[in-house]
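A.B. asks: Just dropping this structure here.
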Protein chains: 2
Amino acid sequence: MSSALDTTLLEGGEGSRGEILDAAAEAFMRKGYAAASIDDVSDILGCTKGRIYHHYRSKADLFFDVHRRGMQMDLQAVRSCMVEGRAPLDQLFEMAVAHLEVVMSQIAYQRVAVQGLEMHLAGQTTPEQRKTLRAILMLRDEYEGLFAAEIARATEQGALPEQDVRLVVKAFMGALNWTTIWYRQRRNQSQAERRRIAESIARFAVRGLGGRP
Amino acid sequence: MSSALDTTLLEGGEGSRGEILDAAAEAFMRKGYAAASIDDVSDILGCTKGRIYHHYRSKADLFFDVHRRGMQMDLQAVRSCMVEGRAPLDQLFEMAVAHLEVVMSQIAYQRVAVQGLEMHLAGQTTPEQRKTLRAILMLRDEYEGLFAAEIARATEQGALPEQDVRLVVKAFMGALNWTTIWYRQRRNQSQAERRRIAESIARFAVRGLGGRP
DNA sequence: CCGGCAACATACTACTCAGTACGTTGGATG
DNA sequence: CATCCAACGTACTGAGTAGTATGTTGCCGG
C-alpha cells in the first residue's frame, strides 16, 4: 500500500513510473524536449498517452522528473566516492571519474539534464514550473559546489595555484559534461574501455586546474 | 548589382539576409530550434513571415545558415591568429582565447552552433537537409582538426605527453564550448574583463593537455 | 461475491505553427 | 512613362500535438 504521491522519492527505476522515466529520457535525448511528443514516449513503451498522463500532470513535469533523476544519479555516485582524509587532487580525480562513468552509462538521463540546464534561459514555463526548475537547478549548484569545495581545499593546501574558482570550475565541469555531446555507446565496448576514457578526461580536468601530473 | 543567390558567401551581417540571420540566431538561442517559430524571428525584426520565406525555403535552411555562419566566425578568428613558427602550446593558447572571444561576443550564433551539433543525433531532417548538415559538421571537424593538429605538433616536439589526441581534444573543446551554456552577458562588462575570462579558460585547457604553466 | 479504485485505453478538442498562394509596392530599366 | 521584378505583406490550410473527458478492466478488501 505505497503512497501514490511520493513523486519526490527516488523510486524511479522500479515499477511503472520508472519505466516511464526511462522511456522519457530516451525520447528527450533523441529529439529534445520541444520536439519529443508524449506519444513518442508512449510508443517506446508500447502504450498510450493515458498511462503517462495518469502519472504526470504535464510534459514539463515529466521532463523535470527525468532531469531530477539524472542529477540524483550524479550526486549519489560522486558522494559515495568521497572519503575523508584523501588528498584533494586525488579526490577530485575520483569524483570526475565517477561523474564520467555515470554520464557514459546513463547517457539519456545526462543529456536531458544538460538540456534542462540550457532550458533555464528559455523561460517557457509556468510560474509553478519555474519553482520546480529552480529547485532542480539548486541541486545542480549543490553538485557543482562539491567540486568547487574540493578545489578550494586543494588551493588552501597549496596543491593548486590561486585562481578564480567560480571560473575554473565551469571549465572543469565543461570538460566532463561535454562528453554528453560527443560520446556514443559502442557495442562490445568493455567496462575497461569506458574506464580508460573516464580516466583520460578526468586527468585532463585535474591537470587543467594546475595539479601536477 | 550583386547576385541574389550567393547564399554561401559570408555577407551575413550586411543587408536584409544579415538582419534575418541575427534575429534567427537570437530566437533559436532563446527557445531552441524546435520551440522557436518563424513568427518569433519575424517579431524580432518587426516584420512578417513573408520576408523570411522570401529568403529561406524552410526553417531548417535558416537554422543551417545560422549554424554555418557561427562556424565561419570560429574558423576565421582562429585561422587569423595562427602564425608560423610559434611554439605549439603558445599557439594553442592563442587559438583558445580567440575562440572564447568569439563565443562571448557572438553568444547567439555560438549557442545555435552547439544546438546544431546536438541535433546531429536527432535525425529530424529530410535527406537533402541531412546533406547540408553533413557539410556543416565537416566544417566543425575541420575546425576541431586545427586544434588536434596543433596538439599533435606539440606532442612531436615533446611539449606534451603521449596521449589519445582524439579524446583529449574533445575535453579541450568541451572546456571552451561549455562557455556557451553558463556565460551571460553583463552590462558594463569591459573588454578587459572578457579577456581575463578567456585567458583563464584557455589556460585551463592548455594545462589540461599537460602543458607546463 | 460485490463495490470501488488504481491503472490504464479511447476519443476527442483546441491550438500552434510550418509552409503556401497570392496580393502589393517601390524602384530600376528601357 | 510603361513594364517588370525583387522584396516584402496578407490570408489561409493542413498537420501535429498537449491536454482532457470519459470509458474499461482487473485486483483487493470486506
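Identifiers in this document derive from the order of the C-alpha cells: chains are assigned A, B, ..., residues are numbered from 1 separately in each chain, and ligands are numbered from 1 in order of occurrence.
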May I have the residues of chain C within 9 Å of chain B, counting only C-alpha atoms (C1' of nucleotides), written as a short mmCIF file (atom, residue, chain, number, x, y, z; two decimals) with C-alpha atoms (C1' of nucleotides), in the first residue's frame?
C.D. replies:
data_model
loop_
_atom_site.label_atom_id
_atom_site.label_comp_id
_atom_site.auth_asym_id
_atom_site.auth_seq_id
_atom_site.Cartn_x
_atom_site.Cartn_y
_atom_site.Cartn_z
"C1'" DC C 17 2.83 26.67 -36.44
"C1'" DA C 18 5.40 25.43 -40.98
"C1'" DG C 19 4.54 26.24 -45.36
#
A.B. asks: Which residues of chain A sit at most 9 Å from chain B, using only C-alpha atoms? Give each one's shortest atom pair and distance in Å (one decimal place), in chain and ascending residue order, as JSON lines.
C.D. replies:
{"residue": "A:Met29", "atom": "CA", "partner": "B:Ala122", "partner_atom": "CA", "distance": 8.2}
{"residue": "A:Arg30", "atom": "CA", "partner": "B:Ala122", "partner_atom": "CA", "distance": 5.1}
{"residue": "A:Lys31", "atom": "CA", "partner": "B:Ala122", "partner_atom": "CA", "distance": 5.1}
{"residue": "A:Gly32", "atom": "CA", "partner": "B:Ala122", "partner_atom": "CA", "distance": 7.9}
{"residue": "A:Tyr33", "atom": "CA", "partner": "B:Ala34", "partner_atom": "CA", "distance": 8.6}
{"residue": "A:Ala34", "atom": "CA", "partner": "B:Ala35", "partner_atom": "CA", "distance": 5.7}
{"residue": "A:Ala35", "atom": "CA", "partner": "B:Ala34", "partner_atom": "CA", "distance": 5.7}
{"residue": "A:Leu117", "atom": "CA", "partner": "B:Ile181", "partner_atom": "CA", "distance": 7.8}
{"residue": "A:Glu118", "atom": "CA", "partner": "B:Ile181", "partner_atom": "CA", "distance": 6.4}
{"residue": "A:Met119", "atom": "CA", "partner": "B:Lys31", "partner_atom": "CA", "distance": 7.7}
{"residue": "A:Leu121", "atom": "CA", "partner": "B:Arg30", "partner_atom": "CA", "distance": 6.5}
{"residue": "A:Ala122", "atom": "CA", "partner": "B:Lys31", "partner_atom": "CA", "distance": 5.1}
{"residue": "A:Gly123", "atom": "CA", "partner": "B:Lys31", "partner_atom": "CA", "distance": 8.1}
{"residue": "A:Gln124", "atom": "CA", "partner": "B:Lys31", "partner_atom": "CA", "distance": 7.6}
{"residue": "A:Gln163", "atom": "CA", "partner": "B:Ser200", "partner_atom": "CA", "distance": 8.5}
{"residue": "A:Asp164", "atom": "CA", "partner": "B:Ser200", "partner_atom": "CA", "distance": 8.2}
{"residue": "A:Leu167", "atom": "CA", "partner": "B:Ile197", "partner_atom": "CA", "distance": 7.5}
{"residue": "A:Val168", "atom": "CA", "partner": "B:Ile201", "partner_atom": "CA", "distance": 6.6}
{"residue": "A:Lys170", "atom": "CA", "partner": "B:Trp178", "partner_atom": "CA", "distance": 7.5}
{"residue": "A:Ala171", "atom": "CA", "partner": "B:Ala175", "partner_atom": "CA", "distance": 4.6}
{"residue": "A:Phe172", "atom": "CA", "partner": "B:Ala175", "partner_atom": "CA", "distance": 6.6}
{"residue": "A:Met173", "atom": "CA", "partner": "B:Ala175", "partner_atom": "CA", "distance": 7.5}
{"residue": "A:Gly174", "atom": "CA", "partner": "B:Ala175", "partner_atom": "CA", "distance": 4.6}
{"residue": "A:Ala175", "atom": "CA", "partner": "B:Ala175", "partner_atom": "CA", "distance": 4.4}
{"residue": "A:Leu176", "atom": "CA", "partner": "B:Ala171", "partner_atom": "CA", "distance": 6.9}
{"residue": "A:Asn177", "atom": "CA", "partner": "B:Gly174", "partner_atom": "CA", "distance": 7.4}
{"residue": "A:Trp178", "atom": "CA", "partner": "B:Gly174", "partner_atom": "CA", "distance": 4.8}
{"residue": "A:Thr179", "atom": "CA", "partner": "B:Ala171", "partner_atom": "CA", "distance": 7.7}
{"residue": "A:Ile181", "atom": "CA", "partner": "B:Glu118", "partner_atom": "CA", "distance": 6.4}
{"residue": "A:Trp182", "atom": "CA", "partner": "B:Lys170", "partner_atom": "CA", "distance": 7.6}
{"residue": "A:Ile197", "atom": "CA", "partner": "B:Leu167", "partner_atom": "CA", "distance": 7.5}
{"residue": "A:Ser200", "atom": "CA", "partner": "B:Val168", "partner_atom": "CA", "distance": 7.3}
{"residue": "A:Ile201", "atom": "CA", "partner": "B:Ala171", "partner_atom": "CA", "distance": 6.2}
{"residue": "A:Arg203", "atom": "CA", "partner": "B:Gly208", "partner_atom": "CA", "distance": 7.5}
{"residue": "A:Phe204", "atom": "CA", "partner": "B:Gly208", "partner_atom": "CA", "distance": 4.3}
{"residue": "A:Ala205", "atom": "CA", "partner": "B:Gly208", "partner_atom": "CA", "distance": 5.8}
{"residue": "A:Val206", "atom": "CA", "partner": "B:Gly208", "partner_atom": "CA", "distance": 7.1}
{"residue": "A:Arg207", "atom": "CA", "partner": "B:Gly208", "partner_atom": "CA", "distance": 4.7}
{"residue": "A:Gly208", "atom": "CA", "partner": "B:Gly208", "partner_atom": "CA", "distance": 3.8}
{"residue": "A:Leu209", "atom": "CA", "partner": "B:Phe204", "partner_atom": "CA", "distance": 6.0}
{"residue": "A:Gly210", "atom": "CA", "partner": "B:Arg207", "partner_atom": "CA", "distance": 6.7}
{"residue": "A:Gly211", "atom": "CA", "partner": "B:Arg207", "partner_atom": "CA", "distance": 9.0}
{"residue": "A:Arg212", "atom": "CA", "partner": "B:Gly210", "partner_atom": "CA", "distance": 8.8}
{"residue": "A:Pro213", "atom": "CA", "partner": "B:Gly210", "partner_atom": "CA", "distance": 7.5}
A.B. asks: Since chain B and chain A share a sequence, can you fit the second onto the first over all C-alpha atoms in order and output it as a CSV table (one decimal) with C-alpha atoms, in the first residue's frame?
C.D. replies:
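Below you can see out21.csv, which holds the result:
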chain,number,residue,atom,x,y,z
A,1,MET,CA,23.3,43.9,-59.3
A,2,SER,CA,24.4,41.3,-56.9
A,3,SER,CA,23.3,37.8,-57.5
A,4,ALA,CA,20.4,36.8,-55.4
A,5,LEU,CA,21.5,33.2,-55.0
A,6,ASP,CA,24.9,33.6,-53.3
A,7,THR,CA,23.6,31.9,-50.2
A,8,THR,CA,26.9,30.3,-49.5
A,9,LEU,CA,28.9,33.6,-49.5
A,10,LEU,CA,29.7,35.2,-46.1
A,11,GLU,CA,27.7,38.3,-46.6
A,12,GLY,CA,25.7,37.6,-43.5
A,13,GLY,CA,25.8,40.6,-41.3
A,14,GLU,CA,25.1,43.1,-44.1
A,15,GLY,CA,21.8,43.7,-45.8
A,16,SER,CA,18.4,42.1,-45.3
A,17,ARG,CA,19.8,38.6,-45.1
A,18,GLY,CA,22.2,39.6,-42.3
A,19,GLU,CA,19.4,41.1,-40.3
A,20,ILE,CA,17.4,37.9,-40.6
A,21,LEU,CA,20.3,35.8,-39.6
A,22,ASP,CA,20.9,37.9,-36.5
A,23,ALA,CA,17.3,37.7,-35.5
A,24,ALA,CA,17.1,34.0,-36.1
A,25,ALA,CA,20.3,33.4,-34.0
A,26,GLU,CA,18.6,35.4,-31.2
A,27,ALA,CA,15.3,33.4,-31.4
A,28,PHE,CA,17.0,30.0,-31.7
A,29,MET,CA,19.2,30.9,-28.8
A,30,ARG,CA,16.3,31.9,-26.6
A,31,LYS,CA,13.9,29.0,-27.3
A,32,GLY,CA,15.9,26.4,-29.2
A,33,TYR,CA,15.3,25.3,-32.7
A,34,ALA,CA,12.1,23.3,-32.2
A,35,ALA,CA,10.4,25.7,-29.9
A,36,ALA,CA,11.3,28.9,-31.8
A,37,SER,CA,8.8,29.8,-34.5
A,38,ILE,CA,9.4,31.7,-37.7
A,39,ASP,CA,7.0,34.2,-36.3
A,40,ASP,CA,9.3,34.7,-33.3
A,41,VAL,CA,12.1,35.6,-35.7
A,42,SER,CA,9.9,38.0,-37.7
A,43,ASP,CA,8.6,39.6,-34.5
A,44,ILE,CA,12.1,40.4,-33.5
A,45,LEU,CA,12.5,42.1,-36.8
A,46,GLY,CA,9.1,43.8,-36.7
A,47,CYS,CA,8.0,42.2,-39.9
A,48,THR,CA,6.1,39.1,-41.1
A,49,LYS,CA,6.9,35.6,-42.2
A,50,GLY,CA,6.7,36.7,-45.8
A,51,ARG,CA,10.1,38.4,-45.6
A,52,ILE,CA,11.8,35.3,-44.1
A,53,TYR,CA,10.3,32.8,-46.5
A,54,HIS,CA,11.2,35.1,-49.4
A,55,HIS,CA,14.9,34.5,-48.4
A,56,TYR,CA,14.8,31.0,-47.0
A,57,ARG,CA,12.9,28.0,-48.2
A,58,SER,CA,12.4,26.5,-44.8
A,59,LYS,CA,13.1,26.9,-41.1
A,60,ALA,CA,15.8,24.3,-41.3
A,61,ASP,CA,17.6,26.1,-44.0
A,62,LEU,CA,17.5,29.3,-41.9
A,63,PHE,CA,18.9,27.4,-39.0
A,64,PHE,CA,21.6,25.8,-41.0
A,65,ASP,CA,22.7,29.2,-42.3
A,66,VAL,CA,23.0,30.5,-38.7
A,67,HIS,CA,24.9,27.4,-37.8
A,68,ARG,CA,27.3,27.8,-40.8
A,69,ARG,CA,27.8,31.5,-40.0
A,70,GLY,CA,28.8,30.6,-36.4
A,71,MET,CA,31.3,28.1,-37.6
A,72,GLN,CA,32.7,30.6,-40.1
A,73,MET,CA,33.2,33.1,-37.3
A,74,ASP,CA,35.2,30.5,-35.3
A,75,LEU,CA,37.3,29.5,-38.3
A,76,GLN,CA,38.1,33.0,-39.3
A,77,ALA,CA,39.0,34.1,-35.8
A,78,VAL,CA,41.2,31.1,-35.1
A,79,ARG,CA,42.9,31.0,-38.5
A,80,SER,CA,43.8,34.7,-38.3
A,81,CYS,CA,45.6,34.2,-35.0
A,82,MET,CA,47.8,31.4,-36.2
A,83,VAL,CA,51.3,32.4,-37.1
A,84,GLU,CA,54.2,30.4,-38.4
A,85,GLY,CA,57.0,29.3,-36.1
A,86,ARG,CA,55.3,30.0,-32.8
A,87,ALA,CA,55.6,27.3,-30.1
A,88,PRO,CA,52.6,24.9,-30.4
A,89,LEU,CA,51.5,25.4,-26.8
A,90,ASP,CA,51.5,29.2,-27.2
A,91,GLN,CA,49.7,28.8,-30.4
A,92,LEU,CA,47.0,26.6,-28.7
A,93,PHE,CA,46.6,29.2,-26.0
A,94,GLU,CA,46.0,32.0,-28.5
A,95,MET,CA,43.6,29.9,-30.5
A,96,ALA,CA,41.6,29.1,-27.4
A,97,VAL,CA,41.5,32.7,-26.4
A,98,ALA,CA,40.4,33.7,-29.9
A,99,HIS,CA,37.6,31.0,-29.8
A,100,LEU,CA,36.4,32.1,-26.4
A,101,GLU,CA,36.2,35.8,-27.4
A,102,VAL,CA,34.1,34.8,-30.4
A,103,VAL,CA,31.9,32.7,-28.1
A,104,MET,CA,31.4,35.6,-25.7
A,105,SER,CA,30.9,38.3,-28.3
A,106,GLN,CA,28.7,36.2,-30.6
A,107,ILE,CA,26.9,34.1,-28.0
A,108,ALA,CA,23.7,33.7,-30.0
A,109,TYR,CA,25.4,32.2,-33.1
A,110,GLN,CA,27.6,30.0,-30.9
A,111,ARG,CA,24.8,28.6,-28.9
A,112,VAL,CA,23.0,27.8,-32.1
A,113,ALA,CA,26.1,26.1,-33.4
A,114,VAL,CA,26.1,23.8,-30.3
A,115,GLN,CA,22.5,23.1,-30.9
A,116,GLY,CA,23.2,22.1,-34.4
A,117,LEU,CA,25.8,19.7,-33.1
A,118,GLU,CA,23.3,18.1,-30.7
A,119,MET,CA,20.8,17.9,-33.5
A,120,HIS,CA,23.1,15.6,-35.4
A,121,LEU,CA,21.7,12.6,-33.4
A,122,ALA,CA,18.0,13.7,-33.9
A,123,GLY,CA,17.6,12.8,-37.5
A,124,GLN,CA,14.6,15.1,-37.9
A,125,THR,CA,15.7,16.2,-41.4
A,126,THR,CA,15.0,15.5,-45.0
A,127,PRO,CA,17.7,13.8,-47.1
A,128,GLU,CA,18.7,17.1,-48.7
A,129,GLN,CA,18.9,18.8,-45.4
A,130,ARG,CA,21.0,15.9,-44.1
A,131,LYS,CA,23.4,16.7,-46.9
A,132,THR,CA,23.6,20.3,-45.8
A,133,LEU,CA,24.1,19.3,-42.2
A,134,ARG,CA,26.9,17.0,-43.2
A,135,ALA,CA,28.7,19.8,-44.9
A,136,ILE,CA,28.4,22.0,-41.8
A,137,LEU,CA,29.6,19.3,-39.5
A,138,MET,CA,32.6,18.8,-41.8
A,139,LEU,CA,33.3,22.5,-41.2
A,140,ARG,CA,33.3,21.6,-37.5
A,141,ASP,CA,35.6,18.7,-38.0
A,142,GLU,CA,37.9,20.9,-39.9
A,143,TYR,CA,37.8,23.4,-37.1
A,144,GLU,CA,38.5,20.8,-34.4
A,145,GLY,CA,41.3,19.5,-36.7
A,146,LEU,CA,43.1,22.8,-36.4
A,147,PHE,CA,43.4,22.2,-32.6
A,148,ALA,CA,44.1,18.5,-33.0
A,149,ALA,CA,47.0,19.2,-35.4
A,150,GLU,CA,48.5,21.7,-33.0
A,151,ILE,CA,48.3,19.2,-30.2
A,152,ALA,CA,50.0,16.6,-32.4
A,153,ARG,CA,52.8,19.1,-33.2
A,154,ALA,CA,53.3,19.9,-29.5
A,155,THR,CA,53.5,16.2,-28.8
A,156,GLU,CA,56.1,15.6,-31.5
A,157,GLN,CA,58.2,18.4,-30.0
A,158,GLY,CA,57.9,16.8,-26.6
A,159,ALA,CA,56.0,19.7,-25.2
A,160,LEU,CA,53.1,17.3,-24.4
A,161,PRO,CA,53.0,13.7,-23.1
A,162,GLU,CA,51.9,11.0,-25.4
A,163,GLN,CA,48.1,10.5,-25.2
A,164,ASP,CA,45.0,9.8,-27.2
A,165,VAL,CA,44.6,13.1,-29.2
A,166,ARG,CA,41.1,12.1,-30.4
A,167,LEU,CA,40.0,12.0,-26.8
A,168,VAL,CA,41.7,14.9,-25.2
A,169,VAL,CA,40.7,17.3,-28.0
A,170,LYS,CA,37.1,16.6,-27.0
A,171,ALA,CA,37.9,17.5,-23.5
A,172,PHE,CA,39.7,20.6,-24.7
A,173,MET,CA,36.8,21.8,-26.9
A,174,GLY,CA,34.4,20.9,-24.1
A,175,ALA,CA,36.2,23.2,-21.6
A,176,LEU,CA,35.9,26.0,-24.2
A,177,ASN,CA,32.4,25.4,-25.6
A,178,TRP,CA,30.8,24.9,-22.2
A,179,THR,CA,31.1,28.6,-22.0
A,180,THR,CA,28.1,28.9,-24.4
A,181,ILE,CA,26.0,27.3,-21.6
A,182,TRP,CA,27.0,29.2,-18.5
A,183,TYR,CA,28.2,32.5,-19.8
A,184,ARG,CA,25.8,35.5,-19.5
A,185,GLN,CA,26.5,38.9,-20.9
A,186,ARG,CA,26.8,41.5,-18.2
A,187,ARG,CA,26.2,45.2,-18.6
A,188,ASN,CA,29.3,47.3,-18.0
A,189,GLN,CA,31.5,44.2,-18.6
A,190,SER,CA,34.6,45.6,-20.0
A,191,GLN,CA,36.6,44.1,-22.8
A,192,ALA,CA,39.4,43.5,-20.3
A,193,GLU,CA,37.1,41.5,-18.1
A,194,ARG,CA,36.1,39.3,-21.0
A,195,ARG,CA,39.8,38.9,-21.9
A,196,ARG,CA,40.5,37.8,-18.4
A,197,ILE,CA,37.8,35.1,-18.5
A,198,ALA,CA,39.0,33.9,-21.9
A,199,GLU,CA,42.6,33.6,-20.7
A,200,SER,CA,41.6,31.7,-17.5
A,201,ILE,CA,39.6,29.2,-19.5
A,202,ALA,CA,42.3,28.9,-22.1
A,203,ARG,CA,45.0,28.4,-19.5
A,204,PHE,CA,42.9,25.6,-18.0
A,205,ALA,CA,42.5,23.9,-21.4
A,206,VAL,CA,46.2,24.1,-22.3
A,207,ARG,CA,47.2,22.9,-18.9
A,208,GLY,CA,44.8,20.0,-19.2
A,209,LEU,CA,46.7,18.7,-22.2
A,210,GLY,CA,49.8,18.4,-20.0
A,211,GLY,CA,51.5,21.7,-20.9
A,212,ARG,CA,53.6,23.1,-18.1
A,213,PRO,CA,52.2,26.3,-16.7
A.B. asks: Identify, on the basis of only C-alpha atoms (C1' of nucleotides), every residue whose closest approach to C:DA28 does not exceed 12 Å; exclude the query and any residue fewer than 4 positions from it along the same chain; express the result as a ChimeraX atom specification.
C.D. replies: /B:1 /D:3-6
A.B. asks: Taking N, CA and C atoms (P, O5', C5', C4', C3', O3' and C1' of nucleotides) for each residue, export the selection above as a PDB file, in the first residue's frame.
C.D. replies:
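Final file, part_10.pdb:
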ATOM      1  N   MET B   1      24.786  45.651 -58.395  1.00  0.00           N
ATOM      2  CA  MET B   1      24.025  44.519 -58.951  1.00  0.00           C
ATOM      3  C   MET B   1      24.567  43.197 -58.412  1.00  0.00           C
TER       4      MET B   1
ATOM      5  P    DT D   3       2.519  48.624 -70.098  1.00  0.00           P
ATOM      6  O5'  DT D   3       3.815  47.862 -69.616  1.00  0.00           O
ATOM      7  C5'  DT D   3       4.981  47.848 -70.448  1.00  0.00           C
ATOM      8  C4'  DT D   3       6.109  47.132 -69.734  1.00  0.00           C
ATOM      9  C3'  DT D   3       5.689  45.896 -68.938  1.00  0.00           C
ATOM     10  O3'  DT D   3       6.524  44.811 -69.298  1.00  0.00           O
ATOM     11  C1'  DT D   3       6.991  47.341 -67.587  1.00  0.00           C
ATOM     12  P    DC D   4       6.145  43.304 -68.977  1.00  0.00           P
ATOM     13  O5'  DC D   4       7.273  42.937 -67.909  1.00  0.00           O
ATOM     14  C5'  DC D   4       8.588  43.490 -68.042  1.00  0.00           C
ATOM     15  C4'  DC D   4       9.342  43.347 -66.745  1.00  0.00           C
ATOM     16  C3'  DC D   4       8.898  42.156 -65.889  1.00  0.00           C
ATOM     17  O3'  DC D   4      10.047  41.464 -65.426  1.00  0.00           O
ATOM     18  C1'  DC D   4       8.871  44.128 -64.596  1.00  0.00           C
ATOM     19  P    DC D   5      10.026  39.917 -65.134  1.00  0.00           P
ATOM     20  O5'  DC D   5      10.922  39.781 -63.830  1.00  0.00           O
ATOM     21  C5'  DC D   5      12.003  40.689 -63.627  1.00  0.00           C
ATOM     22  C4'  DC D   5      12.052  41.151 -62.185  1.00  0.00           C
ATOM     23  C3'  DC D   5      11.661  40.073 -61.161  1.00  0.00           C
ATOM     24  O3'  DC D   5      12.584  40.117 -60.099  1.00  0.00           O
ATOM     25  C1'  DC D   5      10.501  42.046 -60.728  1.00  0.00           C
ATOM     26  P    DA D   6      13.140  38.747 -59.483  1.00  0.00           P
ATOM     27  O5'  DA D   6      13.994  39.274 -58.243  1.00  0.00           O
ATOM     28  C5'  DA D   6      14.807  40.427 -58.382  1.00  0.00           C
ATOM     29  C4'  DA D   6      14.581  41.388 -57.239  1.00  0.00           C
ATOM     30  C3'  DA D   6      14.618  40.751 -55.840  1.00  0.00           C
ATOM     31  O3'  DA D   6      15.286  41.624 -54.944  1.00  0.00           O
ATOM     32  C1'  DA D   6      12.523  41.814 -56.167  1.00  0.00           C
TER      33       DA D   6
END
A.B. asks: Run DSSP on the backbone and tell me which residues of stretch 102-197 of chain A come out as helix (DSSP H, G or I); list them as JSON, numbers by chain.
C.D. replies: {"A": [102, 103, 104, 105, 107, 108, 109, 110, 111, 112, 113, 114, 115, 116, 117, 118, 119, 127, 128, 129, 130, 131, 132, 133, 134, 135, 136, 137, 138, 139, 140, 141, 142, 143, 144, 145, 146, 147, 148, 149, 150, 151, 152, 153, 154, 155, 156, 165, 166, 167, 168, 169, 170, 171, 172, 173, 174, 175, 176, 177, 179, 180, 181, 182, 191, 192, 193, 194, 195, 196, 197]}
